[in-house]
file query22.cif (mmCIF, C-alpha atoms and all ligand atoms)
data_work
#
loop_
_atom_site.label_atom_id
_atom_site.label_comp_id
_atom_site.auth_asym_id
_atom_site.auth_seq_id
_atom_site.Cartn_x
_atom_site.Cartn_y
_atom_site.Cartn_z
CA MET V 8 70.67 92.57 78.65
CA THR V 9 69.95 94.75 81.66
CA ALA V 10 72.93 95.14 83.96
CA LYS V 11 72.97 94.21 87.61
CA ILE V 12 73.44 97.38 89.63
CA LEU V 13 76.33 97.41 92.09
CA ASP V 14 75.03 99.06 95.24
CA GLY V 15 77.91 101.01 96.78
CA ASN V 16 75.81 102.17 99.72
CA ALA V 17 75.00 98.60 100.78
CA ALA V 18 78.61 97.43 100.29
CA ALA V 19 79.95 100.40 102.26
CA ARG V 20 77.48 99.72 105.10
CA HIS V 21 78.62 96.11 105.21
CA ILE V 22 82.30 97.13 105.32
CA ARG V 23 81.65 99.62 108.11
CA GLY V 24 79.92 96.84 110.07
CA GLN V 25 82.98 94.58 109.63
CA LEU V 26 85.28 97.42 110.70
CA ARG V 27 83.27 97.93 113.86
CA GLU V 28 84.76 94.71 115.29
CA ARG V 29 88.31 95.95 114.66
CA VAL V 30 87.42 99.33 116.17
CA ASP V 31 85.98 97.65 119.27
CA ALA V 32 89.16 95.56 119.65
CA LEU V 33 91.25 98.75 119.51
CA LYS V 34 88.99 100.47 122.03
CA ALA V 35 89.39 97.50 124.36
CA ARG V 36 93.11 98.33 124.28
CA GLY V 37 92.38 101.98 125.07
CA VAL V 38 92.79 103.30 121.52
CA THR V 39 90.10 105.06 119.50
CA PRO V 40 91.15 105.37 115.85
CA GLY V 41 91.33 109.07 114.97
CA LEU V 42 91.07 110.79 111.58
CA ALA V 43 91.94 114.46 111.02
CA VAL V 44 90.65 116.22 107.93
CA ILE V 45 92.19 119.50 106.82
CA VAL V 46 89.95 121.60 104.64
CA ALA V 47 91.25 124.86 103.22
CA GLY V 48 89.02 127.44 101.58
CA ASP V 49 85.27 127.35 101.19
CA ASN V 50 84.57 124.99 98.28
CA PRO V 51 80.92 123.91 98.87
CA ALA V 52 81.50 120.39 97.45
CA SER V 53 84.47 119.93 99.81
CA LYS V 54 82.27 120.83 102.76
CA VAL V 55 79.76 118.13 101.75
CA TYR V 56 82.52 115.51 101.35
CA VAL V 57 84.08 116.44 104.70
CA SER V 58 80.78 116.25 106.55
CA ASN V 59 80.05 112.83 104.92
CA LYS V 60 83.43 111.59 106.10
CA ALA V 61 82.85 112.87 109.65
CA LYS V 62 79.42 111.18 109.73
CA ALA V 63 80.86 107.88 108.48
CA CYS V 64 83.63 108.06 111.11
CA ALA V 65 81.06 108.57 113.87
CA GLU V 66 78.99 105.63 112.58
CA ALA V 67 82.05 103.38 112.62
CA GLY V 68 83.05 104.50 116.14
CA LEU V 69 86.07 106.58 115.10
CA HIS V 70 87.14 109.93 116.50
CA SER V 71 87.31 112.56 113.76
CA GLU V 72 88.18 116.22 113.70
CA VAL V 73 88.00 118.84 111.00
CA HIS V 74 90.63 121.57 110.75
CA ALA V 75 89.18 124.37 108.65
CA ILE V 76 91.77 126.77 107.30
CA ASP V 77 90.84 130.08 105.76
CA GLY V 78 91.34 129.90 101.99
CA GLY V 79 93.26 133.18 102.06
CA SER V 80 95.83 131.82 104.55
CA PRO V 81 99.31 131.10 103.31
CA GLU V 82 100.44 127.54 102.75
CA ARG V 83 102.37 127.77 106.03
CA ALA V 84 99.07 127.61 107.98
CA VAL V 85 98.28 124.23 106.42
CA LEU V 86 101.84 122.96 106.97
CA THR V 87 101.86 124.06 110.62
CA THR V 88 98.56 122.24 111.24
CA LEU V 89 99.99 119.17 109.53
CA GLU V 90 103.13 119.24 111.67
CA LYS V 91 100.99 119.27 114.84
CA LEU V 92 98.75 116.44 113.58
CA ASN V 93 101.77 114.37 112.51
CA ARG V 94 102.89 114.42 116.18
CA ASP V 95 99.43 114.00 117.77
CA PRO V 96 99.10 110.45 119.19
CA ARG V 97 95.27 110.62 119.12
CA ILE V 98 95.36 111.03 115.34
CA HIS V 99 96.17 107.95 113.25
CA GLY V 100 95.09 109.20 109.84
CA ILE V 101 95.35 112.62 108.18
CA ILE V 102 93.83 113.76 104.91
CA VAL V 103 93.81 117.08 103.13
CA GLN V 104 90.58 117.61 101.24
CA LEU V 105 91.12 118.38 97.54
CA PRO V 106 90.93 120.61 95.59
CA LEU V 107 93.05 123.13 97.48
CA PRO V 108 92.53 126.84 96.87
CA ARG V 109 94.69 128.47 94.20
CA GLY V 110 98.15 129.39 95.48
CA LEU V 111 98.54 126.36 97.75
CA ASN V 112 100.97 123.73 96.51
CA ALA V 113 99.03 120.45 96.78
CA GLU V 114 102.10 118.35 96.05
CA ARG V 115 104.21 119.91 98.82
CA ILE V 116 101.31 119.65 101.27
CA MET V 117 100.58 115.98 100.47
CA GLN V 118 104.25 115.09 100.86
CA SER V 119 104.24 116.67 104.36
CA ILE V 120 101.78 114.14 105.77
CA ALA V 121 103.61 111.53 107.87
CA VAL V 122 103.80 108.40 105.75
CA GLU V 123 102.29 106.22 108.53
CA LYS V 124 99.28 108.60 108.79
CA ASP V 125 98.81 109.07 105.03
CA VAL V 126 95.47 107.23 104.83
CA ASP V 127 94.66 108.75 101.42
CA GLY V 128 97.82 107.10 100.11
CA PHE V 129 98.99 110.19 98.18
CA ASN V 130 102.48 110.38 99.69
CA TRP V 131 105.09 109.36 97.07
CA ARG V 132 106.35 106.63 99.39
CA ASN V 133 102.91 105.05 99.58
CA LEU V 134 102.35 105.45 95.84
CA GLY V 135 105.84 104.02 95.22
CA ALA V 136 105.00 101.00 97.39
CA LEU V 137 101.96 100.41 95.19
CA VAL V 138 104.13 100.64 92.05
CA GLY V 139 106.54 98.13 93.59
CA GLY V 140 103.73 95.66 94.30
CA HIS V 141 103.94 96.04 98.10
CA PRO V 142 101.07 98.41 98.86
CA SER V 143 100.85 100.02 102.29
CA PHE V 144 98.22 102.76 102.23
CA SER V 145 96.63 102.99 98.79
CA PRO V 146 94.32 105.72 97.49
CA CYS V 147 90.77 105.16 98.69
CA THR V 148 88.78 105.59 95.47
CA PRO V 149 90.69 102.95 93.47
CA LEU V 150 90.60 100.69 96.55
CA GLY V 151 86.83 101.15 96.63
CA VAL V 152 86.57 100.26 92.93
CA MET V 153 88.59 97.06 93.48
CA GLU V 154 86.45 96.15 96.48
CA LEU V 155 83.25 96.59 94.44
CA LEU V 156 84.68 94.44 91.61
CA ASP V 157 85.66 91.73 94.08
CA ARG V 158 82.33 91.77 95.87
CA ALA V 159 80.59 91.39 92.50
CA GLY V 160 82.82 88.41 91.71
CA ALA V 161 84.14 90.10 88.55
CA ALA V 162 87.04 88.15 87.03
CA LEU V 163 90.11 90.32 86.45
CA GLU V 164 92.91 87.97 85.46
CA GLY V 165 93.30 87.78 81.71
CA ARG V 166 90.60 90.43 81.16
CA HIS V 167 91.07 93.72 79.36
CA ALA V 168 90.47 96.66 81.69
CA VAL V 169 90.22 100.16 80.25
CA VAL V 170 90.61 103.07 82.66
CA VAL V 171 89.51 106.45 81.31
CA GLY V 172 91.50 109.06 83.28
CA ARG V 173 95.09 109.01 84.46
CA SER V 174 95.13 111.19 87.59
CA ASN V 175 97.44 110.36 90.50
CA ILE V 176 94.45 109.89 92.81
CA VAL V 177 92.23 107.68 90.67
CA GLY V 178 93.27 106.50 87.19
CA LYS V 179 96.97 105.74 87.72
CA PRO V 180 96.73 103.90 91.07
CA LEU V 181 93.68 101.97 89.82
CA ALA V 182 95.63 100.87 86.73
CA LEU V 183 98.40 99.59 89.04
CA MET V 184 95.91 97.65 91.16
CA LEU V 185 94.36 96.07 88.07
CA ILE V 186 97.82 95.18 86.70
CA ALA V 187 98.67 93.53 90.02
CA ARG V 188 95.56 91.35 89.64
CA GLY V 189 96.55 90.11 86.19
CA ALA V 190 94.37 92.31 84.00
CA THR V 191 95.63 93.74 80.72
CA VAL V 192 95.23 97.46 81.29
CA THR V 193 94.80 100.38 78.92
CA VAL V 194 94.79 103.88 80.41
CA CYS V 195 93.14 106.66 78.36
CA ASN V 196 93.32 110.41 78.72
CA SER V 197 91.79 113.48 77.11
CA LYS V 198 94.14 113.17 74.11
CA THR V 199 93.36 109.51 73.38
CA PRO V 200 92.17 109.28 69.75
CA ASP V 201 89.01 107.27 69.07
CA LEU V 202 88.12 106.77 72.75
CA GLY V 203 85.10 104.65 71.80
CA GLY V 204 87.27 102.32 69.76
CA VAL V 205 89.35 101.65 72.88
CA THR V 206 86.50 101.44 75.40
CA ARG V 207 84.57 99.01 73.18
CA ARG V 208 87.37 96.48 73.71
CA ALA V 209 87.04 96.64 77.51
CA ASP V 210 85.78 93.72 79.58
CA ILE V 211 86.03 96.09 82.54
CA LEU V 212 85.52 99.76 81.82
CA VAL V 213 86.22 102.39 84.47
CA ALA V 214 85.30 106.00 83.74
CA ALA V 215 87.20 108.53 85.86
CA ALA V 216 87.38 111.64 83.69
CA GLY V 217 84.94 114.04 85.30
CA LYS V 218 82.98 114.52 82.05
CA PRO V 219 79.22 113.97 82.23
CA GLY V 220 77.90 111.58 79.60
CA LEU V 221 81.37 110.79 78.23
CA ILE V 222 80.61 107.08 77.91
CA ASP V 223 77.50 106.13 75.96
CA ALA V 224 76.08 102.71 75.09
CA ALA V 225 77.84 102.59 71.70
CA MET V 226 81.20 102.80 73.51
CA VAL V 227 80.55 99.74 75.68
CA LYS V 228 81.11 96.10 74.76
CA PRO V 229 78.00 94.01 75.46
CA GLY V 230 78.38 92.29 78.83
CA ALA V 231 81.15 94.58 80.08
CA VAL V 232 81.48 95.58 83.73
CA VAL V 233 81.15 99.37 83.91
CA ILE V 234 82.37 101.35 86.92
CA ASP V 235 81.57 105.05 87.01
CA VAL V 236 83.91 107.07 89.24
CA GLY V 237 82.85 110.47 87.89
CA ILE V 238 81.06 112.97 90.09
CA ASN V 239 79.73 115.87 88.08
CA ARG V 240 77.52 118.56 89.54
CA LEU V 241 74.89 119.77 87.09
CA PRO V 242 74.15 123.51 86.88
CA GLN V 243 70.46 122.77 87.53
CA GLY V 244 71.41 120.72 90.62
CA GLY V 245 71.98 117.00 91.07
CA ILE V 246 74.95 114.79 90.44
CA VAL V 247 75.77 112.54 87.48
CA GLY V 248 78.71 110.34 86.62
CA ASP V 249 80.71 110.04 83.40
CA VAL V 250 78.52 107.22 82.06
CA GLU V 251 75.09 107.58 80.45
CA PHE V 252 73.54 105.27 82.99
CA ALA V 253 70.13 104.69 81.36
CA SER V 254 71.48 103.48 78.02
CA VAL V 255 74.68 101.78 79.23
CA LYS V 256 72.83 99.62 81.76
CA GLU V 257 71.06 97.98 78.81
CA VAL V 258 74.43 96.85 77.38
CA ALA V 259 76.63 96.16 80.43
CA SER V 260 76.46 93.13 82.74
CA LEU V 261 77.29 95.09 85.91
CA ILE V 262 77.18 98.84 86.45
CA THR V 263 77.61 101.30 89.32
CA PRO V 264 75.14 104.17 89.75
CA VAL V 265 76.04 107.78 90.57
CA PRO V 266 75.34 108.65 93.30
CA GLY V 267 75.44 105.46 95.38
CA GLY V 268 78.25 103.59 93.63
CA VAL V 269 81.94 104.36 94.06
CA GLY V 270 81.43 107.46 96.27
CA PRO V 271 80.34 105.63 99.47
CA MET V 272 83.06 103.01 98.86
CA THR V 273 85.72 105.74 98.88
CA VAL V 274 84.59 106.80 102.34
CA ALA V 275 84.46 103.18 103.58
CA MET V 276 88.04 102.62 102.39
CA LEU V 277 89.16 105.79 104.17
CA ILE V 278 87.73 104.43 107.42
CA ALA V 279 89.40 101.06 106.75
CA ASN V 280 92.79 102.71 106.14
CA THR V 281 92.42 104.76 109.34
CA VAL V 282 91.61 101.65 111.39
CA THR V 283 94.66 99.93 109.85
CA ALA V 284 96.83 102.96 110.75
CA ALA V 285 95.61 102.77 114.36
CA GLU V 286 96.31 99.02 114.50
CA ARG V 287 99.82 99.60 113.17
CA ALA V 288 100.39 102.36 115.76
CA VAL V 289 99.36 99.99 118.56
CA THR V 290 101.62 97.24 117.22
CA SER V 291 104.63 99.53 116.87
CA ARG V 292 104.03 100.95 120.38
CA ALA V 293 103.99 97.42 121.78
CA ALA V 294 107.16 96.40 119.90
P1 LIG C 301 91.35 114.83 87.09
O1 LIG C 301 90.72 116.04 86.45
O2 LIG C 301 92.56 114.96 87.92
O3 LIG C 301 91.69 113.78 85.94
C1 LIG C 301 90.79 113.52 84.90
C2 LIG C 301 91.43 112.59 83.91
O4 LIG C 301 90.48 112.30 82.89
C3 LIG C 301 92.66 113.18 83.21
O5 LIG C 301 93.67 112.20 83.14
C4 LIG C 301 92.15 113.52 81.81
O6 LIG C 301 93.15 113.38 80.82
C5 LIG C 301 91.06 112.49 81.62
N1 LIG C 301 90.03 112.97 80.71
C6 LIG C 301 89.37 114.15 80.77
N2 LIG C 301 88.52 114.25 79.70
C7 LIG C 301 88.67 113.12 78.98
C8 LIG C 301 88.12 112.66 77.78
N3 LIG C 301 87.22 113.39 77.09
N4 LIG C 301 88.50 111.47 77.30
C9 LIG C 301 89.41 110.71 77.96
N5 LIG C 301 90.00 111.11 79.13
C10 LIG C 301 89.63 112.31 79.62
O7 LIG C 301 90.16 114.13 87.88
P2 LIG C 301 90.19 113.04 89.08
O8 LIG C 301 90.54 113.71 90.33
O9 LIG C 301 90.91 111.82 88.64
O10 LIG C 301 88.63 112.71 89.13
C11 LIG C 301 87.94 112.18 88.01
C12 LIG C 301 86.46 112.14 88.31
O11 LIG C 301 86.25 111.27 89.41
C13 LIG C 301 85.86 113.49 88.73
O12 LIG C 301 84.53 113.55 88.27
C14 LIG C 301 85.89 113.43 90.24
O13 LIG C 301 84.89 114.24 90.83
C15 LIG C 301 85.58 111.97 90.45
N6 LIG C 301 86.05 111.44 91.71
C16 LIG C 301 85.19 110.65 92.38
C17 LIG C 301 85.56 110.09 93.56
C18 LIG C 301 84.59 109.20 94.26
O14 LIG C 301 84.73 108.95 95.44
N7 LIG C 301 83.59 108.65 93.54
C19 LIG C 301 86.82 110.33 94.10
C20 LIG C 301 87.73 111.10 93.38
C21 LIG C 301 87.32 111.65 92.16
#
call {"tool": "encode", "arguments": {"input": "query22.cif", "output": "structure tokens"}}
result
Amino acid sequence: MTAKILDGNAAARHIRGQLRERVDALKARGVTPGLAVIVAGDNPASKVYVSNKAKACAEAGLHSEVHAIDGGSPERAVLTTLEKLNRDPRIHGIIVQLPLPRGLNAERIMQSIAVEKDVDGFNWRNLGALVGGHPSFSPCTPLGVMELLDRAGAALEGRHAVVVGRSNIVGKPLALMLIARGATVTVCNSKTPDLGGVTRRADILVAAAGKPGLIDAAMVKPGAVVIDVGINRLPQGGIVGDVEFASVKEVASLITPVPGGVGPMTVAMLIANTVTAAERAVTSRAA
């Protein structure tokens, strides 16, 4: 079997096109959805992600602004910028690009984003809403994974989903989304014994560990749907996921490539959340 490849670039383009109508409707009411991105320090990968997000915003007709904060600045500089953006009516969504430089407390910073502007969905209140089954803003990467699964028509109810990775931004929220859709979910981490024994039982296998080549063909059940969230920069240049794409595509039924799979979907979901935040702001202003 050779897997069908799930094209995240094409899906993301389609989503941005659909969002354009909602953006135009907001603009007709005098509101341009606005996203502010705070980037602290000079991580080269962060700069690439931030510029991709700004480009995607422009393509979808959003206003975006980047607030670069010197990596040596104290946490207060980030918090002061956040306080201003929380009050700024032109800004509907705020994200803080991760990872933050050493010495900055990511948890405190994330919890300082106004809950109604938390379009990355990392605020405890938004994560709690997801736990409770009433999601408001959910993290963009797991949302992007769910969107790809749905667009591919992958059945979830009654299926065994295995998520490799349990971070607060990918693995855990994705597990909650899969649970909400009726999947039986197993979440693995770096201490899971016999990882292959677990992944081989997956109808839907999601790799989100950040370990190149972690999942090989022998770890995949024939016909499984394989989603690769990993983004690993190779020392010689280039990017690979966590899945050995060439061999696993011969076993799986559906597979995402890296790059061009989950990555563009994450950005599309960020735009979608920002448009939703702007719509909610308009509704609450009118109420
Ligand atoms: P993280 O480092 O916070 O978490 C990694 C998780 O993987 C941990 O729970 C860890 O226990 C688990 N893990 C590590 N090695 C393992 C192993 N050998 N076996 C089983 N589990 C193992 O990382 P994160 O922020 O969740 O990101 C994970 C990957 O996804 C990274 O490569 C990151 O770059 C990528 N990522 C991609 C996108 C995207 O848009 N495509 C977005 C966010 C993160």
call {"tool": "residues_near_ligand", "arguments": {"input": "query22.cif", "ligand": "ligand LIG 301 (chain C)", "cutoff": "9 Å", "atoms": "all atoms listed in the file", "output": "mmCIF file with C-alpha atoms, in the frame of the given file"}}
result
data_model
loop_
_atom_site.group_PDB
_atom_site.id
_atom_site.type_symbol
_atom_site.label_atom_id
_atom_site.label_comp_id
_atom_site.auth_asym_id
_atom_site.auth_seq_id
_atom_site.Cartn_x
_atom_site.Cartn_y
_atom_site.Cartn_z
ATOM 1 C CA LEU V 105 91.120 118.380 97.540
ATOM 2 C CA PRO V 106 90.930 120.610 95.590
ATOM 3 C CA CYS V 147 90.770 105.160 98.690
ATOM 4 C CA THR V 148 88.780 105.590 95.470
ATOM 5 C CA PRO V 149 90.690 102.950 93.470
ATOM 6 C CA GLY V 151 86.830 101.150 96.630
ATOM 7 C CA VAL V 152 86.570 100.260 92.930
ATOM 8 C CA VAL V 170 90.610 103.070 82.660
ATOM 9 C CA VAL V 171 89.510 106.450 81.310
ATOM 10 C CA GLY V 172 91.500 109.060 83.280
ATOM 11 C CA ARG V 173 95.090 109.010 84.460
ATOM 12 C CA SER V 174 95.130 111.190 87.590
ATOM 13 C CA ASN V 175 97.440 110.360 90.500
ATOM 14 C CA ILE V 176 94.450 109.890 92.810
ATOM 15 C CA VAL V 177 92.230 107.680 90.670
ATOM 16 C CA GLY V 178 93.270 106.500 87.190
ATOM 17 C CA LYS V 179 96.970 105.740 87.720
ATOM 18 C CA VAL V 194 94.790 103.880 80.410
ATOM 19 C CA CYS V 195 93.140 106.660 78.360
ATOM 20 C CA ASN V 196 93.320 110.410 78.720
ATOM 21 C CA SER V 197 91.790 113.480 77.110
ATOM 22 C CA LYS V 198 94.140 113.170 74.110
ATOM 23 C CA THR V 199 93.360 109.510 73.380
ATOM 24 C CA PRO V 200 92.170 109.280 69.750
ATOM 25 C CA LEU V 202 88.120 106.770 72.750
ATOM 26 C CA ALA V 214 85.300 106.000 83.740
ATOM 27 C CA ALA V 215 87.200 108.530 85.860
ATOM 28 C CA ALA V 216 87.380 111.640 83.690
ATOM 29 C CA GLY V 217 84.940 114.040 85.300
ATOM 30 C CA LYS V 218 82.980 114.520 82.050
ATOM 31 C CA PRO V 219 79.220 113.970 82.230
ATOM 32 C CA LEU V 221 81.370 110.790 78.230
ATOM 33 C CA ASP V 235 81.570 105.050 87.010
ATOM 34 C CA VAL V 236 83.910 107.070 89.240
ATOM 35 C CA GLY V 237 82.850 110.470 87.890
ATOM 36 C CA ILE V 238 81.060 112.970 90.090
ATOM 37 C CA ASN V 239 79.730 115.870 88.080
ATOM 38 C CA ARG V 240 77.520 118.560 89.540
ATOM 39 C CA VAL V 247 75.770 112.540 87.480
ATOM 40 C CA GLY V 248 78.710 110.340 86.620
ATOM 41 C CA ASP V 249 80.710 110.040 83.400
ATOM 42 C CA VAL V 265 76.040 107.780 90.570
ATOM 43 C CA PRO V 266 75.340 108.650 93.300
ATOM 44 C CA GLY V 267 75.440 105.460 95.380
ATOM 45 C CA GLY V 268 78.250 103.590 93.630
ATOM 46 C CA VAL V 269 81.940 104.360 94.060
ATOM 47 C CA GLY V 270 81.430 107.460 96.270
ATOM 48 C CA PRO V 271 80.340 105.630 99.470
ATOM 49 C CA MET V 272 83.060 103.010 98.860
ATOM 50 C CA THR V 273 85.720 105.740 98.880
ATOM 51 C CA VAL V 274 84.590 106.800 102.340
#
call {"tool": "residues_around", "arguments": {"input": "query22.cif", "residues": "V:Thr263", "least_positions_apart": "3", "cutoff": "7 Å", "atoms": "only C-alpha atoms", "output": "number ranges by chain"}}
result
V: 12-14, 233-235, 268
call {"tool": "residues_around", "arguments": {"input": "query22.cif", "residues": "V:Asn130", "least_positions_apart": "6", "cutoff": "9 Å", "atoms": "only C-alpha atoms", "output": "list in words"}}
result
Glu114, Met117, Gln118, Ser119, Ile120, Ala121 and Val122 of chain V
call {"tool": "write_last_selection", "arguments": {"input": "query22.cif", "atoms": "C-alpha atoms", "output": "PDB file, keeping the file's coordinate frame"}}
result
ATOM      1  CA  GLU V 114     102.100 118.350  96.050  1.00  0.00           C
ATOM      2  CA  MET V 117     100.580 115.980 100.470  1.00  0.00           C
ATOM      3  CA  GLN V 118     104.250 115.090 100.860  1.00  0.00           C
ATOM      4  CA  SER V 119     104.240 116.670 104.360  1.00  0.00           C
ATOM      5  CA  ILE V 120     101.780 114.140 105.770  1.00  0.00           C
ATOM      6  CA  ALA V 121     103.610 111.530 107.870  1.00  0.00           C
ATOM      7  CA  VAL V 122     103.800 108.400 105.750  1.00  0.00           C
TER       8      VAL V 122
END
call {"tool": "residues_near_point", "arguments": {"input": "query22.cif", "point": "(82.3, 96.6, 76.5)", "cutoff": "10 Å", "atoms": "all atoms listed in the file", "output": "VMD selection string"}}
result
chain V and resid 167 to 169 203 205 to 212 224 to 233 255 258 to 260
call {"tool": "residues_near_point", "arguments": {"input": "query22.cif", "point": "(91.8, 99.7, 98.7)", "cutoff": "12 Å", "atoms": "all atoms listed in the file", "output": "ChimeraX atom specification"}}
result
/V:22,126-128,137,142-157,177,180-181,183-185,269,272-281,283
call {"tool": "closest_residue", "arguments": {"input": "query22.cif", "among": "V:Ala285, V:Leu89, V:Ile246, V:Ala182", "to": "V:Leu33", "atoms": "all atoms listed in the file"}}
result
V:Ala285
call {"tool": "closest_residue", "arguments": {"input": "query22.cif", "among": "V:Gln25, V:Asn112, V:Ser80, V:Asn93", "to": "V:Gly41", "atoms": "only C-alpha atoms"}}
result
V:Asn93
call {"tool": "closest_atom_pairs", "arguments": {"input": "query22.cif", "of": "stretch 12-47 of chain V", "to": "stretch 55-63 of chain V", "cutoff": "9 Å", "atoms": "only C-alpha atoms", "output": "tab-separated table"}}
result
residue	atom	partner	partner_atom	distance
V:Arg23	CA	V:Ala63	CA	8.3
V:Leu42	CA	V:Ala61	CA	8.7
V:Val44	CA	V:Val57	CA	7.3
V:Ile45	CA	V:Val57	CA	8.9
V:Val46	CA	V:Val57	CA	7.8
call {"tool": "closest_residue", "arguments": {"input": "query22.cif", "among": "V:Pro51, V:Gly68, V:Gly165, V:Pro40", "to": "V:Arg287", "atoms": "all atoms listed in the file"}}
result
V:Pro40
call {"tool": "atom_distance", "arguments": {"input": "query22.cif", "atom1": "atom CA of V:Ser71", "atom2": "atom CA of V:Ile102"}}
result
11.1 Å
call {"tool": "atom_distance", "arguments": {"input": "query22.cif", "atom1": "atom CA of V:His74", "atom2": "atom CA of V:Leu107"}}
result
13.6 Å
call {"tool": "atom_distance", "arguments": {"input": "query22.cif", "atom1": "atom CA of V:Lys256", "atom2": "atom CA of V:Ala10"}}
result
5.0 Å
call {"tool": "closest_residue", "arguments": {"input": "query22.cif", "among": "V:Thr39, V:Thr9, V:Ser254, V:Asn16", "to": "V:Ala284", "atoms": "all atoms listed in the file"}}
result
V:Thr39
call {"tool": "build_atoms", "arguments": {"input": "query22.cif", "residues": "stretch 214-220 of chain V", "atoms": "all heavy atoms", "output": "PDB file, in the frame of the given file"}}
result
ATOM      1  N   ALA V 214      85.299 104.613  84.201  1.00  0.00           N
ATOM      2  CA  ALA V 214      85.300 106.000  83.740  1.00  0.00           C
ATOM      3  C   ALA V 214      85.652 106.902  84.914  1.00  0.00           C
ATOM      4  O   ALA V 214      84.957 106.911  85.932  1.00  0.00           O
ATOM      5  CB  ALA V 214      83.923 106.359  83.197  1.00  0.00           C
ATOM      6  N   ALA V 215      86.757 107.628  84.788  1.00  0.00           N
ATOM      7  CA  ALA V 215      87.200 108.530  85.860  1.00  0.00           C
ATOM      8  C   ALA V 215      87.774 109.785  85.211  1.00  0.00           C
ATOM      9  O   ALA V 215      88.936 110.127  85.384  1.00  0.00           O
ATOM     10  CB  ALA V 215      88.242 107.845  86.744  1.00  0.00           C
ATOM     11  N   ALA V 216      86.929 110.463  84.444  1.00  0.00           N
ATOM     12  CA  ALA V 216      87.380 111.640  83.690  1.00  0.00           C
ATOM     13  C   ALA V 216      86.766 112.934  84.213  1.00  0.00           C
ATOM     14  O   ALA V 216      87.321 114.015  84.010  1.00  0.00           O
ATOM     15  CB  ALA V 216      87.025 111.465  82.208  1.00  0.00           C
ATOM     16  N   GLY V 217      85.619 112.821  84.860  1.00  0.00           N
ATOM     17  CA  GLY V 217      84.940 114.040  85.300  1.00  0.00           C
ATOM     18  C   GLY V 217      84.251 114.757  84.154  1.00  0.00           C
ATOM     19  O   GLY V 217      84.197 115.984  84.102  1.00  0.00           O
ATOM     20  N   LYS V 218      83.696 113.953  83.220  1.00  0.00           N
ATOM     21  CA  LYS V 218      82.980 114.520  82.050  1.00  0.00           C
ATOM     22  C   LYS V 218      81.614 113.848  81.947  1.00  0.00           C
ATOM     23  O   LYS V 218      81.530 112.667  81.589  1.00  0.00           O
ATOM     24  CB  LYS V 218      83.768 114.256  80.755  1.00  0.00           C
ATOM     25  CG  LYS V 218      85.119 114.942  80.686  1.00  0.00           C
ATOM     26  CD  LYS V 218      84.968 116.405  80.311  1.00  0.00           C
ATOM     27  CE  LYS V 218      86.269 117.168  80.317  1.00  0.00           C
ATOM     28  NZ  LYS V 218      86.769 117.581  81.616  1.00  0.00           N
ATOM     29  N   PRO V 219      80.543 114.600  82.251  1.00  0.00           N
ATOM     30  CA  PRO V 219      79.220 113.970  82.230  1.00  0.00           C
ATOM     31  C   PRO V 219      78.879 113.400  80.853  1.00  0.00           C
ATOM     32  O   PRO V 219      79.131 114.043  79.834  1.00  0.00           O
ATOM     33  CB  PRO V 219      78.272 115.130  82.595  1.00  0.00           C
ATOM     34  CG  PRO V 219      79.080 116.381  82.553  1.00  0.00           C
ATOM     35  CD  PRO V 219      80.515 116.015  82.617  1.00  0.00           C
ATOM     36  N   GLY V 220      78.349 112.190  80.857  1.00  0.00           N
ATOM     37  CA  GLY V 220      77.900 111.580  79.600  1.00  0.00           C
ATOM     38  C   GLY V 220      79.011 111.183  78.649  1.00  0.00           C
ATOM     39  O   GLY V 220      78.755 110.920  77.475  1.00  0.00           O
TER      40      GLY V 220
END
